[in-house]
$ cat run.cif   # mmCIF, C-alpha atoms
data_work
loop_
_atom_site.label_atom_id
_atom_site.label_comp_id
_atom_site.auth_asym_id
_atom_site.auth_seq_id
_atom_site.Cartn_x
_atom_site.Cartn_y
_atom_site.Cartn_z
CA MET B 1 0.46 13.82 -11.41
CA ALA B 2 1.50 11.55 -8.54
CA LYS B 3 4.82 12.08 -6.84
CA ARG B 4 7.31 9.22 -7.16
CA ALA B 5 9.57 8.02 -4.36
CA ILE B 6 12.31 5.42 -4.05
CA ILE B 7 12.89 3.79 -0.66
CA THR B 8 16.04 1.78 -0.01
CA GLY B 9 15.57 -0.57 2.92
CA ILE B 10 11.84 -0.82 2.25
CA THR B 11 11.69 -4.31 3.82
CA GLY B 12 12.86 -2.93 7.17
CA GLN B 13 10.83 -1.44 10.01
CA ASP B 14 11.13 2.18 8.88
CA GLY B 15 10.79 1.34 5.20
CA SER B 16 7.47 -0.40 5.73
CA TYR B 17 5.97 2.46 7.77
CA LEU B 18 7.31 5.06 5.32
CA ALA B 19 5.83 3.16 2.37
CA GLU B 20 2.43 3.17 4.10
CA LEU B 21 2.70 6.91 4.75
CA LEU B 22 3.69 7.78 1.18
CA LEU B 23 0.96 5.58 -0.30
CA SER B 24 -1.59 7.34 1.91
CA LYS B 25 -0.40 10.62 0.36
CA GLY B 26 -0.84 9.35 -3.19
CA TYR B 27 2.79 8.60 -4.03
CA GLU B 28 3.99 5.96 -6.47
CA VAL B 29 6.41 3.97 -4.30
CA THR B 30 9.36 1.94 -5.57
CA GLY B 31 11.31 -0.14 -3.08
CA VAL B 32 14.91 -1.16 -3.63
CA VAL B 33 15.58 -4.75 -2.54
CA ARG B 34 18.73 -6.87 -2.59
CA ARG B 35 18.67 -10.21 -4.36
CA LEU B 36 18.47 -12.81 -1.59
CA SER B 37 17.98 -16.57 -1.67
CA ALA B 38 15.07 -16.16 0.75
CA ALA B 39 12.82 -13.11 0.49
CA ASN B 40 12.21 -11.16 3.70
CA PHE B 41 8.98 -9.35 2.87
CA TRP B 42 6.93 -10.00 6.03
CA ARG B 43 6.77 -6.30 6.93
CA ILE B 44 5.47 -5.26 3.50
CA GLU B 45 3.36 -8.26 2.46
CA HIS B 46 0.21 -6.18 2.82
CA LEU B 47 1.66 -3.56 0.44
CA LEU B 48 2.99 -5.75 -2.37
CA ASP B 49 0.04 -5.07 -4.67
CA ARG B 50 0.52 -1.29 -4.26
CA ILE B 51 4.29 -0.84 -4.53
CA THR B 52 6.95 -1.72 -7.10
CA LEU B 53 10.08 -3.60 -6.05
CA ARG B 54 13.32 -3.21 -7.98
CA PRO B 55 16.56 -5.16 -7.46
CA ALA B 56 19.58 -3.03 -6.59
CA ASP B 57 22.32 -2.97 -3.97
CA LEU B 58 24.13 -0.26 -2.04
CA LEU B 59 27.35 -2.09 -2.90
CA ASP B 60 26.67 -1.80 -6.65
CA GLN B 61 26.81 1.73 -8.07
CA LEU B 62 25.43 0.85 -11.51
CA SER B 63 22.35 -0.88 -10.11
CA LEU B 64 21.47 2.26 -8.15
CA ILE B 65 21.94 4.50 -11.18
CA ARG B 66 19.68 2.27 -13.27
CA VAL B 67 16.86 2.38 -10.73
CA VAL B 68 17.04 6.16 -10.38
CA GLN B 69 17.16 6.56 -14.18
CA ASP B 70 14.16 4.29 -14.71
CA VAL B 71 11.95 5.64 -11.91
CA ARG B 72 12.94 9.32 -12.12
CA PRO B 73 11.72 9.90 -8.56
CA HIS B 74 10.96 13.21 -6.92
CA GLU B 75 12.30 11.87 -3.60
CA VAL B 76 14.78 9.21 -2.51
CA TYR B 77 14.78 7.90 1.06
CA ASN B 78 17.98 6.02 1.91
CA LEU B 79 17.03 3.79 4.84
CA ALA B 80 19.10 0.74 3.90
CA ALA B 81 21.94 -0.03 6.33
CA MET B 82 23.67 -2.60 8.45
CA SER B 83 21.55 -1.48 11.38
CA PHE B 84 22.24 -3.86 14.28
CA VAL B 85 24.93 -2.13 16.36
CA PRO B 86 26.48 -5.20 18.12
CA ALA B 87 26.99 -6.94 14.76
CA SER B 88 29.11 -4.04 13.56
CA TRP B 89 32.01 -5.23 15.72
CA ASP B 90 31.87 -8.62 13.98
CA GLN B 91 31.59 -7.13 10.48
CA PRO B 92 33.18 -3.67 10.60
CA LEU B 93 34.26 -3.60 6.95
CA LEU B 94 30.88 -4.63 5.59
CA THR B 95 29.20 -2.14 7.94
CA GLY B 96 31.37 0.60 6.46
CA GLU B 97 30.62 -0.47 2.90
CA PHE B 98 26.86 -0.23 3.45
CA ASN B 99 26.57 2.65 5.90
CA ALA B 100 29.36 4.89 4.61
CA GLN B 101 30.27 4.14 0.99
CA GLY B 102 26.72 2.95 0.32
CA VAL B 103 25.45 6.44 1.14
CA THR B 104 28.01 7.93 -1.24
CA ARG B 105 26.81 5.59 -4.00
CA VAL B 106 23.19 6.70 -3.48
CA LEU B 107 24.22 10.36 -3.60
CA GLU B 108 26.34 9.75 -6.70
CA ALA B 109 23.46 7.95 -8.42
CA VAL B 110 21.17 10.91 -7.83
CA ARG B 111 23.86 13.43 -8.85
CA HIS B 112 24.49 11.45 -12.04
CA VAL B 113 20.78 11.34 -13.03
CA ASP B 114 19.14 14.54 -11.70
CA THR B 115 20.34 16.88 -8.96
CA ASP B 116 16.77 18.15 -8.45
CA ILE B 117 15.80 14.84 -6.79
CA ARG B 118 15.40 15.31 -3.03
CA ILE B 119 17.27 12.90 -0.76
CA TYR B 120 16.69 11.79 2.81
CA GLN B 121 19.59 10.12 4.63
CA ALA B 122 18.96 8.08 7.78
CA SER B 123 21.48 9.28 10.35
CA SER B 124 21.54 7.94 13.91
CA SER B 125 21.81 8.98 17.56
CA GLU B 126 24.58 6.36 17.82
CA MET B 127 26.81 9.00 16.20
CA TYR B 128 26.86 10.85 19.54
CA GLY B 129 28.28 7.83 21.41
CA ARG B 130 30.20 9.18 24.39
CA VAL B 131 27.99 12.21 24.59
CA ARG B 132 29.45 15.70 25.00
CA GLU B 133 26.22 17.21 26.31
CA VAL B 134 22.76 16.15 27.46
CA PRO B 135 20.38 16.43 25.68
CA GLN B 136 21.88 16.18 22.21
CA THR B 137 21.05 18.69 19.46
CA GLU B 138 22.03 19.16 15.82
CA MET B 139 25.13 21.02 17.05
CA THR B 140 26.35 18.42 19.58
CA PRO B 141 29.76 16.99 18.54
CA PHE B 142 29.85 13.33 17.52
CA TYR B 143 31.90 10.72 19.41
CA PRO B 144 30.78 7.32 18.05
CA ARG B 145 31.47 4.21 20.14
CA SER B 146 30.92 1.43 17.60
CA PRO B 147 31.84 0.67 13.98
CA TYR B 148 28.15 1.28 13.25
CA GLY B 149 28.28 4.76 14.80
CA VAL B 150 31.51 5.60 12.98
CA SER B 151 30.03 4.53 9.63
CA LYS B 152 26.91 6.61 10.26
CA VAL B 153 29.05 9.70 10.94
CA PHE B 154 30.66 9.26 7.52
CA GLY B 155 27.23 8.83 5.90
CA HIS B 156 25.98 11.95 7.66
CA TYR B 157 28.89 14.17 6.66
CA ILE B 158 29.06 12.95 3.06
CA THR B 159 25.39 13.94 2.78
CA VAL B 160 26.22 17.41 4.10
CA ASN B 161 29.16 17.56 1.69
CA TYR B 162 27.04 16.77 -1.37
CA ARG B 163 24.48 19.34 -0.28
CA GLU B 164 27.15 22.01 0.02
CA SER B 165 29.31 20.93 -2.95
CA TYR B 166 26.60 20.36 -5.55
CA GLY B 167 23.60 22.27 -4.22
CA MET B 168 21.62 19.05 -3.87
CA PHE B 169 18.54 18.88 -1.64
CA ALA B 170 19.92 16.32 0.82
CA SER B 171 18.64 16.21 4.40
CA SER B 172 19.64 13.93 7.25
CA GLY B 173 17.41 12.87 10.12
CA ILE B 174 19.40 12.18 13.28
CA LEU B 175 16.87 9.71 14.61
CA PHE B 176 17.01 8.46 18.16
CA ASN B 177 15.88 4.90 18.90
CA HIS B 178 12.48 4.19 17.39
CA GLU B 179 10.65 0.93 17.83
CA SER B 180 7.46 -0.91 16.87
CA PRO B 181 5.98 -4.40 16.58
CA ARG B 182 7.95 -4.59 13.29
CA ARG B 183 11.33 -4.17 15.01
CA GLY B 184 13.75 -7.05 14.51
CA LEU B 185 13.96 -9.61 17.31
CA GLU B 186 17.67 -8.89 17.79
CA PHE B 187 16.96 -5.37 19.12
CA VAL B 188 16.55 -5.04 22.87
CA THR B 189 13.04 -3.57 22.83
CA ARG B 190 11.63 -6.36 20.70
CA LYS B 191 13.73 -8.95 22.51
CA VAL B 192 12.08 -7.83 25.75
CA THR B 193 8.50 -7.72 24.44
CA ASP B 194 8.89 -11.05 22.63
CA GLY B 195 10.39 -12.54 25.79
CA VAL B 196 7.53 -11.23 27.92
CA ALA B 197 5.00 -12.72 25.51
CA ARG B 198 6.74 -16.11 25.53
CA ILE B 199 6.87 -16.18 29.34
CA LYS B 200 3.23 -15.06 29.55
CA LEU B 201 2.18 -17.91 27.24
CA GLY B 202 4.36 -20.50 28.97
CA LEU B 203 6.73 -20.80 26.00
CA ALA B 204 9.82 -19.64 27.95
CA SER B 205 10.97 -19.56 31.56
CA HIS B 206 13.40 -16.63 31.58
CA LEU B 207 14.85 -13.73 29.57
CA GLY B 208 18.59 -13.04 29.28
CA LEU B 209 19.68 -9.40 28.92
CA GLY B 210 22.87 -7.32 29.08
CA ASN B 211 23.25 -3.85 30.57
CA LEU B 212 20.01 -2.91 32.36
CA ASP B 213 21.32 0.58 33.12
CA ALA B 214 21.78 1.64 29.48
CA CYS B 215 19.48 4.57 28.73
CA ARG B 216 17.82 5.40 25.43
CA ASP B 217 15.32 7.89 24.06
CA TRP B 218 12.71 5.49 22.60
CA GLY B 219 9.92 6.56 20.26
CA PHE B 220 7.47 4.97 17.82
CA ALA B 221 8.75 4.31 14.29
CA GLY B 222 5.43 5.35 12.77
CA ASP B 223 5.91 8.83 14.21
CA TYR B 224 9.49 9.07 13.02
CA VAL B 225 8.86 8.30 9.34
CA ARG B 226 6.47 11.25 9.29
CA ALA B 227 9.44 13.45 10.22
CA MET B 228 11.42 12.01 7.29
CA TRP B 229 8.70 13.03 4.87
CA LEU B 230 8.35 16.49 6.41
CA MET B 231 12.09 17.14 5.94
CA LEU B 232 11.76 16.70 2.18
CA GLN B 233 8.78 19.07 1.98
CA GLN B 234 10.74 22.09 3.21
CA ASP B 235 12.08 24.94 1.06
CA THR B 236 15.68 24.18 2.00
CA ALA B 237 17.52 21.02 2.99
CA ASP B 238 18.89 20.67 6.51
CA ASP B 239 19.51 18.19 9.31
CA TYR B 240 17.17 17.51 12.22
CA VAL B 241 17.24 15.61 15.51
CA ILE B 242 14.13 13.46 15.85
CA ALA B 243 13.49 12.27 19.41
CA THR B 244 10.95 12.26 22.22
CA GLY B 245 13.19 14.14 24.65
CA VAL B 246 12.48 11.51 27.34
CA SER B 247 15.03 8.85 28.27
CA HIS B 248 14.39 5.45 29.85
CA SER B 249 16.72 2.68 30.99
CA VAL B 250 16.52 -0.91 29.81
CA ARG B 251 15.39 -1.70 33.37
CA GLU B 252 12.44 0.68 32.96
CA LEU B 253 11.64 -0.95 29.62
CA VAL B 254 11.64 -4.35 31.31
CA GLU B 255 9.47 -3.13 34.18
CA ALA B 256 6.93 -1.60 31.79
CA ALA B 257 6.76 -4.66 29.52
CA PHE B 258 6.45 -7.25 32.28
CA GLY B 259 4.09 -4.98 34.19
CA HIS B 260 1.79 -4.66 31.17
CA ALA B 261 1.60 -8.46 31.06
CA GLY B 262 0.93 -8.68 34.81
CA LEU B 263 4.29 -10.30 35.58
CA ASP B 264 7.09 -9.61 38.10
CA TRP B 265 10.18 -9.06 35.93
CA GLN B 266 12.63 -9.91 38.75
CA LYS B 267 11.44 -13.53 38.70
CA PHE B 268 12.32 -13.99 35.02
CA VAL B 269 15.15 -11.67 33.93
CA GLN B 270 18.76 -12.89 34.05
CA VAL B 271 21.72 -10.59 33.31
CA ASP B 272 24.08 -12.28 30.85
CA PRO B 273 27.56 -10.74 30.27
CA ALA B 274 27.51 -12.20 26.74
CA PHE B 275 25.06 -9.45 25.77
CA LEU B 276 27.28 -6.57 26.93
CA ARG B 277 28.77 -4.30 24.25
CA PRO B 278 32.57 -3.86 23.98
CA ALA B 279 31.99 -0.10 24.34
CA GLU B 280 28.67 1.27 25.60
CA VAL B 281 27.27 4.66 24.67
CA ASP B 282 26.32 7.11 27.37
CA HIS B 283 23.09 8.95 28.12
CA LEU B 284 21.33 9.32 24.76
CA ILE B 285 18.45 11.78 24.90
CA GLY B 286 17.53 14.05 22.00
CA ASP B 287 16.36 17.65 21.81
CA ALA B 288 13.94 17.84 18.86
CA SER B 289 13.09 21.53 19.41
CA ARG B 290 14.19 22.43 15.90
CA ALA B 291 12.00 19.74 14.34
CA ARG B 292 9.04 21.04 16.34
CA GLU B 293 9.67 24.64 15.31
CA VAL B 294 10.56 24.15 11.63
CA LEU B 295 8.78 20.94 10.66
CA GLY B 296 5.84 21.15 13.05
CA TRP B 297 6.65 17.59 14.14
CA GLU B 298 5.85 16.04 17.51
CA PRO B 299 5.64 12.38 18.55
CA GLN B 300 2.13 11.03 19.06
CA VAL B 301 2.92 7.76 20.89
CA ASN B 302 4.58 7.86 24.34
CA PHE B 303 6.87 5.26 25.91
CA GLU B 304 4.20 3.41 27.87
CA GLN B 305 1.89 3.23 24.85
CA LEU B 306 4.74 1.97 22.68
CA VAL B 307 5.71 -0.82 25.08
CA ALA B 308 2.08 -1.90 25.52
CA MET B 309 1.59 -1.92 21.72
CA MET B 310 4.65 -4.14 21.25
CA VAL B 311 3.80 -6.58 24.06
CA ASP B 312 0.21 -6.95 22.81
CA ALA B 313 1.40 -7.54 19.25
CA ASP B 314 3.87 -10.23 20.33
CA VAL B 315 1.29 -11.97 22.53
CA ALA B 316 -1.16 -11.98 19.60
CA ARG B 317 1.47 -13.27 17.17
CA LEU B 318 2.68 -16.08 19.41
CA SER B 319 -0.86 -17.04 20.41
CA LYS B 320 -1.69 -17.66 16.73
CA SER B 321 1.35 -19.87 16.16
CA ALA B 322 1.06 -21.76 19.45
#
$ encode --input "run.cif" --output "structure tokens"
Amino acid sequence: MAKRAIITGITGQDGSYLAELLLSKGYEVTGVVRRLSAANFWRIEHLLDRITLRPADLLDQLSLIRVVQDVRPHEVYNLAAMSFVPASWDQPLLTGEFNAQGVTRVLEAVRHVDTDIRIYQASSSEMYGRVREVPQTEMTPFYPRSPYGVSKVFGHYITVNYRESYGMFASSGILFNHESPRRGLEFVTRKVTDGVARIKLGLASHLGLGNLDACRDWGFAGDYVRAMWLMLQQDTADDYVIATGVSHSVRELVEAAFGHAGLDWQKFVQVDPAFLRPAEVDHLIGDASRAREVLGWEPQVNFEQLVAMMVDADVARLSKSA
């Protein structure tokens, strides 16, 4: 009998890769989608004949309960969130509703229906913020530097609380930055690779960026969803840092992307103060030793391969539409 899984945020980058992974393992996949005036299914268009979509909302407790009752899943992956960090300063209350109370509503829905359902919660390296140690592990204290980071800390600890209070199998993945050709254009990695492609094809003359010295631990989203699945296959629930353990600056990202396209980045990149964050996080770099030891997980795609993959995909996409 096939396993059943619910994915919130299935239309996002991680949701689409996770859906592909679960389908390849024989799962019946149900995706939770919000009712929108314009559907945003471009990441999962190739999966629509193999998955089931159900309307529900992290702001609506009853809708979540109904979906869990109807599907009776073995696993629930909560990937839905207000995920663009800079926007969290503009909409801090809504960010909290989705990323903090929304997590509680998912946990409550599962507790109400069946506490044997296994839950994955998407935590974030942004919880570390002003880092207390480098690299960061599961034991590193949190010091979030954005409304997004603060909301994710709540979501993380409420997951721990439900695990300890009700004996639920609820695991959190503290995922460091993970990217792909399916990343939204508002994120710096995709902004860079899309910008490189536009300049390469003569569709743009420059690229405006903020802090070139910000450092992140960037990996491939396809690798990271595999870690999510592995967490829910263990005998006991726990929390894991998922990261490459290698940090790169935005400047290095720019150099790699422009270099892959055969361009000199210094001729095209302009630093724009409008893109600076009100409060920047420090040196984010994760130690995924525990994930390697317990889950047997390791990333397969390195930084250079990831950047090349994204630049090539954006060049191909824009070449078709040109």
$ closest_residue --input "run.cif" --among "B:His178, B:Lys320, B:Lys152, B:Arg226" --to "Phe98 of chain B" --atoms "only C-alpha atoms"
B:Lys152
$ residues_around --input "run.cif" --residues "Glu133 of chain B" --least-positions-apart "3" --cutoff "12 Å" --atoms "all atoms listed in the file" --output "number ranges by chain"
B: 128-130, 136-143, 282-287
$ closest_residue --input "run.cif" --among "B:Glu97, B:Asp239, B:Asp60, B:Asp114" --to "Ala170 of chain B" --atoms "all atoms listed in the file"
B:Asp239
$ closest_residue --input "run.cif" --among "B:Asn161, B:Gln234, B:Ser83, B:Gln69" --to "Gly12 of chain B" --atoms "only C-alpha atoms"
B:Ser83
$ closest_residue --input "run.cif" --among "B:Asn78, B:Arg216, B:Met231, B:Ala316" --to "Arg290 of chain B" --atoms "only C-alpha atoms"
B:Met231
$ atom_distance --input "run.cif" --atom1 "atom CA of His248 of chain B" --atom2 "atom CA of Val307 of chain B"
11.7 Å
$ residues_around --input "run.cif" --residues "Val110 of chain B" --least-positions-apart "4" --cutoff "8 Å" --atoms "all atoms listed in the file" --output "list in words"
Ile65, Val68, Val106, Asp114, Thr115 and Ile117 of chain B
$ residues_around --input "run.cif" --residues "Ala109 of chain B" --least-positions-apart "4" --cutoff "12 Å" --atoms "all atoms listed in the file" --output "list in words"
Ala56, Asp57, Leu58, Asp60, Gln61, Leu62, Ser63, Leu64, Ile65, Arg66, Val67, Val68, Gln69, Asp70, Arg72, Pro73, Val76, Asn78, Gly102, Val103, Thr104, Arg105, Val113, Asp114, Thr115, Ile117, Ile119 and Tyr162 of chain B
$ write_last_selection --input "run.cif" --atoms "C-alpha atoms" --output "short mmCIF file (atom, residue, chain, number, x, y, z; two decimals), in the frame of the given file"
data_model
loop_
_atom_site.label_atom_id
_atom_site.label_comp_id
_atom_site.auth_asym_id
_atom_site.auth_seq_id
_atom_site.Cartn_x
_atom_site.Cartn_y
_atom_site.Cartn_z
CA ALA B 56 19.58 -3.03 -6.59
CA ASP B 57 22.32 -2.97 -3.97
CA LEU B 58 24.13 -0.26 -2.04
CA ASP B 60 26.67 -1.80 -6.65
CA GLN B 61 26.81 1.73 -8.07
CA LEU B 62 25.43 0.85 -11.51
CA SER B 63 22.35 -0.88 -10.11
CA LEU B 64 21.47 2.26 -8.15
CA ILE B 65 21.94 4.50 -11.18
CA ARG B 66 19.68 2.27 -13.27
CA VAL B 67 16.86 2.38 -10.73
CA VAL B 68 17.04 6.16 -10.38
CA GLN B 69 17.16 6.56 -14.18
CA ASP B 70 14.16 4.29 -14.71
CA ARG B 72 12.94 9.32 -12.12
CA PRO B 73 11.72 9.90 -8.56
CA VAL B 76 14.78 9.21 -2.51
CA ASN B 78 17.98 6.02 1.91
CA GLY B 102 26.72 2.95 0.32
CA VAL B 103 25.45 6.44 1.14
CA THR B 104 28.01 7.93 -1.24
CA ARG B 105 26.81 5.59 -4.00
CA VAL B 113 20.78 11.34 -13.03
CA ASP B 114 19.14 14.54 -11.70
CA THR B 115 20.34 16.88 -8.96
CA ILE B 117 15.80 14.84 -6.79
CA ILE B 119 17.27 12.90 -0.76
CA TYR B 162 27.04 16.77 -1.37
#
$ residues_around --input "run.cif" --residues "Leu185 of chain B" --least-positions-apart "5" --cutoff "8 Å" --atoms "all atoms listed in the file" --output "PyMOL selection string"
chain B and resi 190-191+194
$ closest_residue --input "run.cif" --among "B:Gln270, B:Ser24, B:Ser146, B:Ser171" --to "Gln121 of chain B" --atoms "all atoms listed in the file"
B:Ser171
$ axis_aligned_box --input "run.cif" --around "segment 227-240 of chain B" --padding-each-side "8 Å" --output "JSON"
{"center_x": 13.9, "center_y": 18.5, "center_z": 6.6, "size_x": 27.2, "size_y": 28.9, "size_z": 27.2}
$ residues_around --input "run.cif" --residues "Arg50 of chain B" --least-positions-apart "6" --cutoff "9 Å" --atoms "all atoms listed in the file" --output "list of chain:residue names"
B:Leu23, B:Glu28, B:Val29
$ closest_residue --input "run.cif" --among "B:Gln305, B:Thr193, B:Arg183, B:Val254" --to "Ala214 of chain B" --atoms "all atoms listed in the file"
B:Val254
$ atom_distance --input "run.cif" --atom1 "atom CA of Asp235 of chain B" --atom2 "atom CA of His74 of chain B"
14.2 Å
$ resolve_selection --input "run.cif" --expression "the PyMOL selection byres ((chain B and resi 172) around 10)" --output "ChimeraX atom specification"
/B:77-78,119-124,155-157,159-160,170-171,173-175,228,231-232,237-241
$ residues_near_point --input "run.cif" --point "(23.1, -5.5, 33.2)" --cutoff "8 Å" --atoms "only C-alpha atoms" --output "list in words"
Leu209, Gly210, Asn211, Leu212, Asp213, Val271, Asp272, Pro273 and Leu276 of chain B
$ write_last_selection --input "run.cif" --atoms "C-alpha atoms" --output "PDB file, in the frame of the given file"
ATOM      1  CA  LEU B 209      19.680  -9.400  28.920  1.00  0.00           C
ATOM      2  CA  GLY B 210      22.870  -7.320  29.080  1.00  0.00           C
ATOM      3  CA  ASN B 211      23.250  -3.850  30.570  1.00  0.00           C
ATOM      4  CA  LEU B 212      20.010  -2.910  32.360  1.00  0.00           C
ATOM      5  CA  ASP B 213      21.320   0.580  33.120  1.00  0.00           C
ATOM      6  CA  VAL B 271      21.720 -10.590  33.310  1.00  0.00           C
ATOM      7  CA  ASP B 272      24.080 -12.280  30.850  1.00  0.00           C
ATOM      8  CA  PRO B 273      27.560 -10.740  30.270  1.00  0.00           C
ATOM      9  CA  LEU B 276      27.280  -6.570  26.930  1.00  0.00           C
TER      10      LEU B 276
END
$ atom_distance --input "run.cif" --atom1 "atom CA of Trp297 of chain B" --atom2 "atom CA of Glu179 of chain B"
17.5 Å
$ resolve_selection --input "run.cif" --expression "the PyMOL selection byres ((chain B and resi 218) around 8)" --output "list in words"
Phe176, Asn177, His178, Glu179, Arg216, Asp217, Gly219, Phe220, Ala243, Thr244, Val246, Ser247, His248 and Phe303 of chain B
$ build_atoms --input "run.cif" --residues "segment 121-138 of chain B" --atoms "N, CA and C atoms" --output "short mmCIF file (atom, residue, chain, number, x, y, z; two decimals), in the frame of the given file"
data_model
loop_
_atom_site.label_atom_id
_atom_site.label_comp_id
_atom_site.auth_asym_id
_atom_site.auth_seq_id
_atom_site.Cartn_x
_atom_site.Cartn_y
_atom_site.Cartn_z
N GLN B 121 18.61 11.07 4.11
CA GLN B 121 19.59 10.12 4.63
C GLN B 121 19.28 9.81 6.10
N ALA B 122 19.24 8.52 6.40
CA ALA B 122 18.96 8.08 7.78
C ALA B 122 20.22 8.12 8.62
N SER B 123 20.39 9.20 9.38
CA SER B 123 21.48 9.28 10.35
C SER B 123 21.00 8.69 11.68
N SER B 124 21.85 8.69 12.70
CA SER B 124 21.54 7.94 13.91
C SER B 124 22.07 8.62 15.16
N SER B 125 21.34 8.46 16.26
CA SER B 125 21.81 8.98 17.56
C SER B 125 23.07 8.26 18.02
N GLU B 126 23.36 7.08 17.45
CA GLU B 126 24.58 6.36 17.82
C GLU B 126 25.82 7.15 17.42
N MET B 127 25.68 8.15 16.57
CA MET B 127 26.81 9.00 16.20
C MET B 127 27.32 9.79 17.40
N TYR B 128 26.45 10.06 18.37
CA TYR B 128 26.86 10.85 19.54
C TYR B 128 27.73 10.04 20.50
N GLY B 129 27.43 8.73 20.63
CA GLY B 129 28.28 7.83 21.41
C GLY B 129 28.56 8.30 22.82
N ARG B 130 29.82 8.62 23.08
CA ARG B 130 30.20 9.18 24.39
C ARG B 130 29.81 10.64 24.37
N VAL B 131 28.62 10.91 24.84
CA VAL B 131 27.99 12.21 24.59
C VAL B 131 28.75 13.37 25.24
N ARG B 132 28.77 14.49 24.52
CA ARG B 132 29.45 15.70 25.00
C ARG B 132 28.51 16.63 25.75
N GLU B 133 27.20 16.42 25.57
CA GLU B 133 26.22 17.21 26.31
C GLU B 133 24.90 16.46 26.33
N VAL B 134 24.08 16.76 27.32
CA VAL B 134 22.76 16.15 27.46
C VAL B 134 21.73 17.27 27.64
N PRO B 135 20.68 17.31 26.82
CA PRO B 135 20.38 16.43 25.68
C PRO B 135 21.21 16.79 24.46
N GLN B 136 21.12 15.95 23.42
CA GLN B 136 21.88 16.18 22.21
C GLN B 136 21.04 16.94 21.18
N THR B 137 21.70 17.89 20.50
CA THR B 137 21.05 18.69 19.46
C THR B 137 21.79 18.48 18.14
N GLU B 138 21.36 19.22 17.12
CA GLU B 138 22.03 19.16 15.82
C GLU B 138 23.47 19.66 15.90
#
